[in-house]
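> If it helps, the file is called data-v2.cif and holds mmCIF, C-alpha atoms:
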```cif
data_entry
#
loop_
_atom_site.label_atom_id
_atom_site.label_comp_id
_atom_site.auth_asym_id
_atom_site.auth_seq_id
_atom_site.Cartn_x
_atom_site.Cartn_y
_atom_site.Cartn_z
CA MET A 1 0.00 0.00 0.00
CA ILE A 2 1.37 3.40 -1.01
CA LYS A 3 -0.47 6.49 0.21
CA ALA A 4 -0.05 10.24 -0.22
CA ASN A 5 -1.08 12.19 2.88
CA ALA A 6 -2.40 15.69 3.50
CA ALA A 7 -2.67 16.77 7.14
CA PHE A 8 -4.29 19.89 8.56
CA ASP A 9 -3.64 20.95 12.19
CA PHE A 10 -6.10 23.26 13.91
CA LYS A 11 -4.98 24.92 17.17
CA ARG A 12 -7.66 24.69 19.85
CA PRO A 13 -7.66 27.23 22.70
CA GLY A 14 -9.00 25.09 25.50
CA PRO A 15 -8.07 23.42 28.76
CA TYR A 16 -7.62 19.86 27.44
CA VAL A 17 -7.35 19.54 23.65
CA ASP A 18 -4.33 21.30 22.11
CA TYR A 19 -4.84 20.41 18.41
CA LEU A 20 -7.35 18.80 16.10
CA THR A 21 -5.68 17.11 13.12
CA LEU A 22 -7.53 16.13 9.96
CA ARG A 23 -5.60 13.75 7.70
CA LEU A 24 -6.66 12.59 4.24
CA SER A 25 -4.80 9.79 2.47
CA ALA A 26 -5.17 8.09 -0.91
CA GLY A 27 -3.12 5.89 -3.22
CA PRO A 28 -2.77 2.47 -4.84
CA ASP A 29 -3.21 -0.75 -2.85
CA LEU A 30 -1.07 -3.60 -4.21
CA ILE A 31 -2.77 -6.90 -3.33
CA TRP A 32 -1.64 -10.48 -3.87
CA TRP A 33 -4.87 -12.54 -3.87
CA GLN A 34 -5.18 -16.26 -3.38
CA LYS A 35 -8.44 -18.17 -3.79
CA TYR A 36 -8.72 -21.80 -2.82
CA TRP A 37 -11.86 -23.86 -2.31
CA PRO A 38 -10.91 -27.54 -2.06
CA ASN A 39 -14.47 -28.69 -1.29
CA ARG A 40 -15.77 -27.18 -4.57
CA GLY A 41 -13.24 -29.04 -6.66
CA GLU A 42 -11.66 -25.82 -7.92
CA GLU A 43 -7.97 -25.31 -8.35
CA GLU A 44 -6.00 -22.76 -6.39
CA LYS A 45 -5.96 -19.33 -8.08
CA LYS A 46 -3.33 -16.68 -7.39
CA PHE A 47 -3.32 -13.26 -8.98
CA PHE A 48 -2.10 -9.72 -8.44
CA LYS A 49 -4.54 -6.84 -8.18
CA VAL A 50 -4.16 -3.07 -7.87
CA SER A 51 -7.03 -1.14 -6.30
CA ALA A 52 -7.51 2.25 -4.68
CA THR A 53 -6.91 2.78 -0.98
CA TRP A 54 -8.03 5.74 1.13
CA GLU A 55 -8.23 6.96 4.73
CA ILE A 56 -9.98 9.78 6.57
CA GLU A 57 -8.61 10.41 10.06
CA LEU A 58 -9.35 12.83 12.90
CA ASP A 59 -6.82 13.11 15.75
CA LEU A 60 -7.42 14.78 19.09
CA VAL A 61 -4.03 15.88 20.48
CA PHE A 62 -4.30 16.66 24.18
CA LYS A 63 -2.11 19.08 26.17
CA ASN A 64 0.01 16.19 27.52
CA ASN A 65 0.70 14.97 23.90
CA VAL A 66 -1.61 11.96 24.15
CA VAL A 67 -3.36 11.36 20.81
CA LEU A 68 -6.80 9.84 20.32
CA LYS A 69 -7.35 8.68 16.72
CA PHE A 70 -10.67 8.11 14.95
CA ALA A 71 -10.49 6.97 11.32
CA PHE A 72 -12.09 5.13 8.43
CA ASP A 73 -9.87 3.42 5.88
CA SER A 74 -10.40 0.98 3.03
CA VAL A 75 -9.91 -2.76 3.05
CA ALA A 76 -9.10 -4.14 -0.43
CA GLY A 77 -10.21 -0.79 -1.84
CA ILE A 78 -13.86 -1.57 -1.18
CA TYR A 79 -14.94 -1.99 2.42
CA PRO A 80 -14.71 0.86 4.97
CA ASP A 81 -12.89 -0.18 8.13
CA PRO A 82 -13.38 1.83 11.36
CA VAL A 83 -10.21 2.51 13.36
CA ILE A 84 -9.81 3.82 16.91
CA GLY A 85 -6.38 4.26 18.44
CA ILE A 86 -4.50 5.91 21.26
CA GLY A 87 -0.89 7.01 21.20
CA TYR A 88 1.70 9.56 22.22
CA ARG A 89 3.11 12.35 20.05
CA PHE A 90 6.84 12.97 20.66
#
```
Give the structure from this file in C-alpha cells form.

Amino acid sequence: MIKANAAFDFKRPGPYVDYLTLRLSAGPDLIWWQKYWPNRGEEEKKFFKVSATWEIELDLVFKNNVVLKFAFDSVAGIYPDPVIGIGYRF
C-alpha cells in the first residue's frame, strides 16, 4: 500500500485539547490474492490486483501529547474499516 497524505492541524484554545488534526490519504493498494476452495473441486488461483486505498482520520491531540485517533480506511479498496487508536506524540 502506497499512500499520499495531507494533514491539517487546527490549534484549539481550550483546557484539554491542544490540536485537532484532519488527515486525508489516498493511493494504490497492491494486493496479492489467493483463492482456494478444495471442497468445490476448484484449483487454487493466485493473482495480483491493484485497487484504490483511502483513509480519513481525525486526531485529538491533548495538552500532555496523548493522541486519540478516529479513522475510516479501506480494506481491499472496497470496504470501509473503522479505526480507533491511542498514542503519544513525541
> Using only C-alpha atoms, find the one residue out of A:Phe10, A:Leu20, A:Lys63, A:Gly27 that sits nearest to A:Ser51.
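Closest to A:Ser51, using only C-alpha atoms: A:Gly27.
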> Go through A:Phe90, A:Ala76, A:Trp33, A:Val67 and flag the residue nearest A:Ala52, using only C-alpha atoms for the distances.
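Checking each candidate against A:Ala52, we get A:Ala76 as the closest.
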> Find the residues with any atom within 10 Å of (-1.7, 21.5, 18.8); use only C-alpha atoms and the coordinates as given in the file, and write the answer as an NGL selection string.
:A and (9-13 or 17-21 or 60-63 or 65)
> From the list A:Asn64, A:Pro28, A:Glu57, A:Asn5, which residue is nearest A:Gly85 when using all atoms listed in the file?
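Using all atoms listed in the file, the shortest distance to A:Gly85 belongs to A:Glu57.
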> Can you work out the spacing between atom CA of A:Tyr16 and atom CA of A:Gly87 in Å, to one decimal?
15.8 Å
> Tell me, in Å to one decimal, how far atom CA of A:Leu30 is from atom CA of A:Ile86.
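Between atom CA of A:Leu30 and atom CA of A:Ile86 the gap works out to 27.4 Å.
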> So that I can see what lies close to A:Ile56, please list as a count of residues only the residues with an atom at most 12 Å from it, counting all atoms listed in the file and leaving out residues fewer than 6 positions away in the same chain.
22
> How big is the axis-aligned box, and where does its centre sit, when it encloses all atoms of stretch 67-73 of chain A listed in the file and has 3 Å added on every side, reported in Å to one decimal as lines of an AutoDock Vina configuration file?

```
center_x = -7.7
center_y = 7.4
center_z = 13.3
size_x = 14.7
size_y = 13.9
size_z = 20.9
```
> Determine, counting all atoms listed in the file, which protein, DNA and RNA residues have an atom within 12 Å of an atom of A:Trp32; residues of the same chain fewer than 4 positions away are not included. Present the result as a VMD selection string.
chain A and resid 1 45 to 51 76
> Atom CA of A:Tyr88 and atom CA of A:Gly14, how far apart in Å?
19.1 Å
